[in-house]
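The structure file upload30.cif is reproduced below (mmCIF, C-alpha atoms).
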```cif
data_upload
loop_
_atom_site.label_atom_id
_atom_site.label_comp_id
_atom_site.auth_asym_id
_atom_site.auth_seq_id
_atom_site.Cartn_x
_atom_site.Cartn_y
_atom_site.Cartn_z
CA MET A 1108 35.17 -63.70 5.39
CA ARG A 1109 33.44 -61.24 7.63
CA ASN A 1110 29.76 -60.76 6.84
CA PRO A 1111 29.53 -57.23 5.33
CA SER A 1112 25.81 -56.99 6.11
CA LEU A 1113 26.41 -57.75 9.80
CA ALA A 1114 29.30 -55.27 9.90
CA PHE A 1115 27.08 -52.58 8.39
CA ASP A 1116 24.31 -53.30 10.92
CA ARG A 1117 26.78 -52.96 13.81
CA LEU A 1118 28.14 -49.70 12.39
CA ARG A 1119 24.61 -48.34 12.05
CA GLN A 1120 23.76 -49.37 15.60
CA ALA A 1121 26.89 -47.65 16.93
CA ALA A 1122 26.04 -44.49 14.98
CA CYS A 1123 22.52 -44.52 16.42
CA ALA A 1124 23.92 -44.83 19.94
CA VAL A 1125 26.26 -41.86 19.42
CA ALA A 1126 23.46 -39.75 17.94
CA SER A 1127 21.17 -40.61 20.85
CA ALA A 1128 23.83 -39.63 23.40
CA MET A 1129 24.41 -36.29 21.65
CA ALA A 1130 20.67 -35.60 21.57
CA ASP A 1131 20.42 -36.37 25.29
CA SER A 1132 23.17 -33.88 26.10
CA ALA A 1133 21.61 -31.16 23.96
CA LEU A 1134 18.22 -31.66 25.58
CA ASP A 1135 19.71 -31.34 29.06
CA LEU A 1136 20.99 -27.88 28.12
CA VAL A 1137 17.62 -26.72 26.76
CA ALA A 1138 15.26 -27.92 29.49
CA PRO A 1139 15.62 -29.43 32.95
CA ARG A 1140 14.58 -33.01 33.36
CA ALA A 1141 11.80 -34.40 35.49
CA CYS A 1142 10.85 -38.04 35.96
CA ALA A 1143 8.51 -39.04 33.14
CA GLY A 1144 6.49 -41.16 35.53
CA CYS A 1145 6.03 -38.95 38.60
CA ASP A 1146 7.60 -35.53 37.77
CA ARG A 1147 10.33 -35.84 40.40
CA PRO A 1148 12.89 -33.18 39.39
CA ASP A 1149 16.37 -33.75 37.96
CA LEU A 1150 15.78 -37.37 36.96
CA LEU A 1151 14.80 -38.88 33.63
CA LEU A 1152 13.29 -41.76 35.59
CA CYS A 1153 13.30 -42.04 39.36
CA PRO A 1154 14.22 -45.44 40.84
CA SER A 1155 10.61 -46.16 41.82
CA CYS A 1156 9.22 -45.52 38.35
CA ARG A 1157 12.10 -47.34 36.66
CA SER A 1158 11.34 -50.42 38.76
CA LEU A 1159 7.77 -50.45 37.38
CA LEU A 1160 8.94 -50.79 33.79
CA PHE A 1161 9.93 -54.45 34.00
CA ARG A 1162 7.07 -56.46 35.44
CA PRO A 1163 6.52 -58.84 32.54
CA LEU A 1164 3.12 -60.18 31.66
CA SER A 1165 1.76 -62.28 28.82
CA ARG A 1166 -1.46 -62.29 26.88
CA PRO A 1167 -2.90 -64.94 24.57
CA ALA A 1168 -2.03 -64.35 20.92
CA PRO A 1169 -3.19 -67.40 18.95
CA ALA A 1170 -2.18 -65.83 15.62
CA TYR A 1171 1.49 -66.38 16.59
CA ALA A 1172 3.44 -69.64 16.74
CA THR A 1173 4.13 -69.27 20.47
CA GLY A 1174 0.49 -68.40 21.14
CA LEU A 1175 1.63 -65.47 23.28
CA ALA A 1176 2.24 -61.75 23.34
CA LEU A 1177 4.82 -60.63 25.90
CA ALA A 1178 4.94 -57.18 27.45
CA CYS A 1179 7.47 -55.57 29.75
CA ALA A 1180 4.86 -54.13 32.12
CA PRO A 1181 1.15 -53.48 32.63
CA TYR A 1182 -0.11 -50.33 30.92
CA ARG A 1183 -1.26 -48.24 33.86
CA GLY A 1184 -0.18 -45.52 36.27
CA ALA A 1185 3.41 -44.36 35.95
CA VAL A 1186 4.16 -46.82 33.13
CA ARG A 1187 1.37 -45.29 31.07
CA ARG A 1188 2.71 -41.77 31.70
CA ILE A 1189 6.26 -42.80 30.80
CA ILE A 1190 5.26 -44.39 27.51
CA LEU A 1191 3.01 -41.53 26.47
CA SER A 1192 5.76 -39.02 27.31
CA TRP A 1193 8.12 -40.95 25.05
CA LYS A 1194 5.66 -41.76 22.30
CA ASP A 1195 3.48 -38.67 22.00
CA HIS A 1196 5.65 -35.93 23.54
CA ASP A 1197 8.98 -36.79 21.92
CA ASN A 1198 10.86 -37.55 25.14
CA ARG A 1199 13.71 -39.18 23.21
CA PRO A 1200 16.08 -39.69 26.17
CA LEU A 1201 13.65 -42.45 27.20
CA ASP A 1202 14.84 -44.47 24.17
CA ARG A 1203 17.68 -45.91 26.23
CA PRO A 1204 15.84 -47.15 29.35
CA LEU A 1205 12.88 -48.39 27.31
CA GLY A 1206 15.24 -50.20 24.96
CA GLN A 1207 16.89 -51.83 27.97
CA VAL A 1208 13.63 -53.17 29.40
CA MET A 1209 12.74 -54.61 26.01
CA ALA A 1210 16.18 -56.22 25.82
CA ASP A 1211 15.55 -57.73 29.25
CA LEU A 1212 12.78 -59.83 27.71
CA ALA A 1213 15.34 -61.61 25.51
CA PRO A 1214 16.20 -64.52 27.89
CA ALA A 1215 12.56 -65.53 28.39
CA LEU A 1216 11.81 -64.95 24.72
CA SER A 1217 14.78 -67.07 23.63
CA ARG A 1218 13.57 -69.99 25.76
CA LEU A 1219 10.10 -69.61 24.32
CA ILE A 1220 11.02 -69.56 20.65
CA ASP A 1221 14.01 -71.91 20.67
CA PRO A 1222 11.89 -75.09 20.34
CA LEU A 1223 10.12 -73.54 17.35
CA LEU A 1224 13.40 -72.86 15.55
CA ARG A 1225 14.66 -76.43 15.40
CA PRO A 1226 16.30 -77.29 13.15
CA LYS A 1227 18.02 -73.92 13.00
CA PRO A 1228 16.19 -71.71 10.46
CA ALA A 1229 17.96 -70.89 7.23
CA ARG A 1230 16.99 -67.24 7.57
CA ALA A 1231 17.43 -64.70 10.33
CA ILE A 1232 14.72 -63.72 12.77
CA LEU A 1233 13.29 -60.40 11.67
CA VAL A 1234 12.39 -57.92 14.41
CA VAL A 1235 9.58 -55.90 12.86
CA PRO A 1236 7.78 -52.84 14.25
CA ALA A 1237 4.01 -52.67 14.22
CA PRO A 1238 3.38 -49.93 11.67
CA SER A 1239 2.29 -46.39 12.40
CA SER A 1240 0.07 -44.27 10.21
CA LEU A 1241 1.70 -41.74 7.90
CA ALA A 1242 0.22 -38.95 10.01
CA SER A 1243 1.87 -40.36 13.14
CA LEU A 1244 5.21 -40.71 11.36
CA ARG A 1245 5.07 -37.11 10.18
CA ARG A 1246 4.12 -35.86 13.64
CA ARG A 1247 6.95 -37.73 15.38
CA GLY A 1248 9.52 -37.25 12.65
CA ARG A 1249 10.87 -40.76 13.13
CA VAL A 1250 10.00 -44.43 13.58
CA HIS A 1251 9.83 -44.18 17.35
CA LEU A 1252 10.19 -47.94 17.88
CA GLN A 1253 13.52 -48.14 16.01
CA PRO A 1254 15.85 -47.85 19.07
CA ILE A 1255 13.69 -50.38 20.93
CA LEU A 1256 13.98 -52.82 18.04
CA LEU A 1257 17.75 -52.41 17.87
CA SER A 1258 18.10 -53.13 21.59
CA LEU A 1259 16.02 -56.29 21.28
CA ALA A 1260 17.90 -57.52 18.19
CA GLN A 1261 21.25 -57.00 19.91
CA ALA A 1262 20.05 -58.87 23.00
CA LEU A 1263 18.87 -61.80 20.88
CA GLN A 1264 22.24 -61.86 19.11
CA ARG A 1265 23.93 -62.13 22.51
CA HIS A 1266 21.78 -65.21 23.13
CA GLY A 1267 23.05 -66.84 19.96
CA LEU A 1268 20.12 -66.01 17.68
CA ALA A 1269 20.55 -64.43 14.25
CA ALA A 1270 18.27 -61.40 14.47
CA GLN A 1271 17.98 -58.19 12.50
CA VAL A 1272 15.62 -55.24 12.34
CA GLU A 1273 13.37 -54.95 9.32
CA SER A 1274 10.72 -52.23 8.84
CA ALA A 1275 8.50 -54.49 6.78
CA LEU A 1276 4.91 -53.52 7.56
CA ILE A 1277 2.97 -50.48 6.41
CA MET A 1278 -0.37 -49.03 7.45
CA ASN A 1279 -2.82 -47.33 5.16
CA SER A 1280 -4.43 -44.14 6.44
CA VAL A 1281 -6.62 -44.31 9.53
CA ARG A 1282 -8.66 -41.54 11.10
CA THR A 1283 -8.14 -42.12 14.81
CA LYS A 1284 -5.29 -43.03 17.11
CA SER A 1285 -5.31 -46.66 18.25
CA VAL A 1286 -5.65 -45.61 21.90
CA GLN A 1287 -8.67 -43.45 21.01
CA ALA A 1288 -10.71 -46.05 19.11
CA GLY A 1289 -12.30 -47.59 22.18
CA GLY A 1290 -13.48 -51.17 22.34
CA ARG A 1291 -12.22 -54.41 20.84
CA ARG A 1292 -14.73 -54.40 17.97
CA ASN A 1293 -14.10 -50.76 17.02
CA ARG A 1294 -10.32 -51.21 16.98
CA SER A 1295 -10.57 -54.40 14.92
CA HIS A 1296 -12.83 -52.68 12.39
CA ARG A 1297 -10.51 -49.64 12.28
CA LEU A 1298 -7.50 -51.76 11.29
CA ALA A 1299 -9.14 -54.46 9.16
CA GLY A 1300 -7.24 -54.77 5.89
CA ARG A 1301 -5.11 -51.68 6.56
CA ILE A 1302 -1.84 -53.40 7.51
CA ALA A 1303 0.23 -54.85 4.68
CA VAL A 1304 3.76 -55.96 3.83
CA ALA A 1305 5.82 -53.38 1.97
CA ASP A 1306 8.09 -55.86 0.13
CA PRO A 1307 6.93 -59.50 0.37
CA SER A 1308 10.17 -60.83 -1.13
CA ARG A 1309 12.13 -59.66 1.94
CA LEU A 1310 9.98 -61.62 4.39
CA ALA A 1311 9.20 -64.96 2.78
CA GLY A 1312 10.61 -67.81 4.85
CA HIS A 1313 11.71 -65.63 7.77
CA PRO A 1314 10.57 -66.11 11.36
CA VAL A 1315 9.29 -62.76 12.61
CA LEU A 1316 8.88 -61.00 15.95
CA VAL A 1317 6.39 -58.14 15.91
CA VAL A 1318 7.09 -55.30 18.36
CA ASP A 1319 4.53 -52.66 19.36
CA ASP A 1320 4.61 -49.93 22.00
CA ILE A 1321 1.26 -50.71 23.64
CA ILE A 1322 -1.06 -53.69 23.31
CA THR A 1323 -4.63 -52.76 24.13
CA THR A 1324 -7.19 -55.06 22.53
CA GLY A 1325 -4.62 -56.95 20.45
CA SER A 1326 -6.17 -55.91 17.12
CA THR A 1327 -2.93 -54.44 15.76
CA ILE A 1328 -0.79 -57.48 16.46
CA ARG A 1329 -3.46 -59.79 15.00
CA GLN A 1330 -3.56 -57.78 11.80
CA CYS A 1331 0.24 -57.83 11.64
CA ALA A 1332 0.29 -61.63 11.94
CA ARG A 1333 -2.25 -62.02 9.15
CA ALA A 1334 -0.27 -59.76 6.83
CA LEU A 1335 2.93 -61.70 7.55
CA GLU A 1336 1.32 -65.08 6.95
CA THR A 1337 0.01 -64.02 3.55
CA VAL A 1338 3.59 -63.56 2.28
CA GLY A 1339 4.98 -66.80 3.73
CA ALA A 1340 6.62 -65.44 6.89
CA LEU A 1341 6.30 -67.15 10.28
CA PRO A 1342 4.93 -64.87 13.03
CA LEU A 1343 6.70 -66.19 16.14
CA ALA A 1344 5.54 -63.87 18.92
CA ALA A 1345 4.40 -60.34 19.59
CA LEU A 1346 6.13 -58.06 22.08
CA ALA A 1347 5.33 -54.68 23.58
CA LEU A 1348 6.64 -52.23 26.12
CA ALA A 1349 3.30 -52.41 27.92
CA ALA A 1350 -0.03 -54.17 27.67
CA VAL A 1351 -3.46 -53.62 29.10
CA PRO A 1352 -4.00 -56.61 31.42
CA PRO A 1353 -6.47 -59.21 30.11
CA GLY A 1354 -10.04 -58.34 30.95
CA HIS A 1355 -9.40 -54.57 31.07
CA GLU A 1356 -9.20 -53.81 27.34
CA ASP A 1357 -12.40 -51.80 27.16
CA ARG A 1358 -11.80 -49.65 30.23
#
```
What's the structure tokens form of this structure?
Amino acid sequence: MRNPSLAFDRLRQAACAVASAMADSALDLVAPRACAGCDRPDLLLCPSCRSLLFRPLSRPAPAYATGLALACAPYRGAVRRIILSWKDHDNRPLDRPLGQVMADLAPALSRLIDPLLRPKPARAILVVPAPSSLASLRRRGRVHLQPILLSLAQALQRHGLAAQVESALIMNSVRTKSVQAGGRRNRSHRLAGRIAVADPSRLAGHPVLVVDDIITTGSTIRQCARALETVGALPLAALALAAVPPGHEDR
């Protein structure tokens, strides 16, 4: 019998894709496009800036089973401008290209986690967003990582892995944006004890991939791993669209 849960997930993903395409068309009518990375007119992303989005790098993440956090590109220059345009200025047409670069991590990620999933786990891999504060959610009007998560889950499914999106983590109120709380110690103190699991029963026994938009000091992904471990989940790896290269976190 066909899995009704899987069928529902695919229907939801298709609906999200249609809604995104309609939003793109409406936005084109309201305002002309310019490249989010360099302001070149008439392009969402110019070829040069698009090429900068997939230059993968890794950072140590000992709280995760793989010991690594993977990012699509270094957080600097045009990549920084693209992500901030999408994240903080509601440039929703960037959902599609950013989702694609995250999906492009799937082959390397599959090779990395496959040895950790033997024998085959009884439960699906959960693709979980790093949580945003309630203030950020209200300001954006959406979970901005959702289309990125869906792209990654679909790519993992194409590589034979059972994966599904689960918004499992929550963040209690914080007073500053993560990119404003400078320094590793300040960011760690800002987040300490503030990230928790919304419904522990939905995570117990599941391997989990945590996805964030930007990794700076790594405090957020560490706190996510701790919260997951407390409810019996297995944090496999952390992923992000971009990461500050090691050694540059406090700059």
> For A:Ala1229, which of A:Gly1325, A:Pro1314, A:Gly1267, A:Pro1342 is the closest residue, counting only C-alpha atoms?
Replying inline: A:Pro1314
> Written as a list in words, what is the full residue list that the PyMOL selection byres ((chain A and resi 1214-1225) around 9) yields on the file shown?
Replying inline: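 Answer for the PyMOL selection byres ((chain A and resi 1214-1225) around 9): Ala1172, Thr1173, Leu1177, Ala1210, Asp1211, Leu1212, Ala1213, Pro1226, Lys1227, Pro1228, Ala1262, Leu1263, His1266, Leu1268, Pro1314, Leu1343 and Ala1344 of chain A.
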Using the chain letters and numbers from the file, which residues does the PyMOL selection byres ((chain A and resi 1165) around 6) grab, as a compact mmCIF listing (two decimals) with C-alpha atoms, keeping the file's coordinate frame?
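Done, and the output landed in expr_20.txt:
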```
# COMPACT_ATOMS: atom_id res chain seq x y z
CA LEU A 1164 3.12 -60.18 31.66
CA ARG A 1166 -1.46 -62.29 26.88
CA ALA A 1176 2.24 -61.75 23.34
CA LEU A 1177 4.82 -60.63 25.90
```
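Distances to A:Val1315 were evaluated for A:Ala1237, A:Gly1339, A:Gln1271, A:Ile1232 using all atoms listed in the file, and the minimum falls at A:Ile1232.
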>> Expand the PyMOL selection byres ((chain A and resi 1140) around 6) into the explicit residue set it covers here, and present it as a ChimeraX atom specification.
In response: /A:1139,1141,1149-1151
May I have the selected residues written with C-alpha atoms, as a CSV table (one decimal), in the coordinates of the input?
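part-v6.csv, written as the output of this step:
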```
chain,number,residue,atom,x,y,z
A,1139,PRO,CA,15.6,-29.4,33.0
A,1141,ALA,CA,11.8,-34.4,35.5
A,1149,ASP,CA,16.4,-33.8,38.0
A,1150,LEU,CA,15.8,-37.4,37.0
A,1151,LEU,CA,14.8,-38.9,33.6
```
> Closest to A:Ala1350 among A:Arg1245, A:Arg1183, A:Arg1301, A:Arg1329, using only C-alpha atoms?
Replying inline: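 Closest residue, counting only C-alpha atoms: A:Arg1183.
With only C-alpha atoms as the atoms that count, the residue of A:Ser1258, A:Gln1330, A:Gln1264, A:Thr1323 with the shortest distance to A:Pro1353 is A:Thr1323.
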>> Which residue is closest to A:Ser1326? Choose from A:Ala1170, A:Ala1303, A:Leu1152, A:Leu1257 and count all atoms listed in the file.
In response: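 Going through A:Ala1170, A:Ala1303, A:Leu1152, A:Leu1257 one by one, the smallest distance to A:Ser1326 is for A:Ala1170.
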> In terms of the shortest atom-to-atom distance over all atoms listed in the file, which of A:Leu1159, A:Leu1252, A:Leu1346, A:Ala1334 is closest to A:Asp1197?
Replying inline: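 Going through A:Leu1159, A:Leu1252, A:Leu1346, A:Ala1334 one by one, the smallest distance to A:Asp1197 is for A:Leu1252.
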>> What does the structure give for the distance between atom CA of A:Ser1240 and atom CA of A:Cys1142, in Å to one decimal?
In response: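 Between atom CA of A:Ser1240 and atom CA of A:Cys1142 the gap works out to 28.6 Å.
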> Could you pull the residues within 8 Å of A:Trp1193, counting only C-alpha atoms, minus those fewer than 6 positions along the same chain, as an NGL selection string?
Replying inline: :A and (1199 or 1201-1202)
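Put simply, atom CA of A:Val1317 is 4.7 Å away from atom CA of A:Ala1345.
Between atom CA of A:Pro1254 and atom CA of A:Gly1206 lies a distance of 6.4 Å.
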Would you kindly identify which residues have an atom no farther than 12 Å from (10.3, -59.0, 0.6), using all atoms listed in the file and the file's own coordinates, and write them out as a PDB file with C-alpha atoms, keeping the file's coordinate frame?
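Result written to result-v2.pdb:
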```
ATOM      1  CA  LEU A1233      13.290 -60.400  11.670  1.00  0.00           C
ATOM      2  CA  GLU A1273      13.370 -54.950   9.320  1.00  0.00           C
ATOM      3  CA  SER A1274      10.720 -52.230   8.840  1.00  0.00           C
ATOM      4  CA  ALA A1275       8.500 -54.490   6.780  1.00  0.00           C
ATOM      5  CA  LEU A1276       4.910 -53.520   7.560  1.00  0.00           C
ATOM      6  CA  ALA A1303       0.230 -54.850   4.680  1.00  0.00           C
ATOM      7  CA  VAL A1304       3.760 -55.960   3.830  1.00  0.00           C
ATOM      8  CA  ALA A1305       5.820 -53.380   1.970  1.00  0.00           C
ATOM      9  CA  ASP A1306       8.090 -55.860   0.130  1.00  0.00           C
ATOM     10  CA  PRO A1307       6.930 -59.500   0.370  1.00  0.00           C
ATOM     11  CA  SER A1308      10.170 -60.830  -1.130  1.00  0.00           C
ATOM     12  CA  ARG A1309      12.130 -59.660   1.940  1.00  0.00           C
ATOM     13  CA  LEU A1310       9.980 -61.620   4.390  1.00  0.00           C
ATOM     14  CA  ALA A1311       9.200 -64.960   2.780  1.00  0.00           C
ATOM     15  CA  GLY A1312      10.610 -67.810   4.850  1.00  0.00           C
ATOM     16  CA  HIS A1313      11.710 -65.630   7.770  1.00  0.00           C
ATOM     17  CA  LEU A1335       2.930 -61.700   7.550  1.00  0.00           C
ATOM     18  CA  THR A1337       0.010 -64.020   3.550  1.00  0.00           C
ATOM     19  CA  VAL A1338       3.590 -63.560   2.280  1.00  0.00           C
ATOM     20  CA  GLY A1339       4.980 -66.800   3.730  1.00  0.00           C
ATOM     21  CA  ALA A1340       6.620 -65.440   6.890  1.00  0.00           C
TER      22      ALA A1340
END
```
Put a box with edges along x, y and z around all the listed atoms of stretch 1316-1325 of chain A, pad it by 4 Å on each side, then give me its centre and sizes in Å, one decimal, as AutoDock Vina command-line options.
```
--center_x 0.8 --center_y -55.5 --center_z 20.0 --size_x 24.1 --size_y 19.1 --size_z 16.2
```
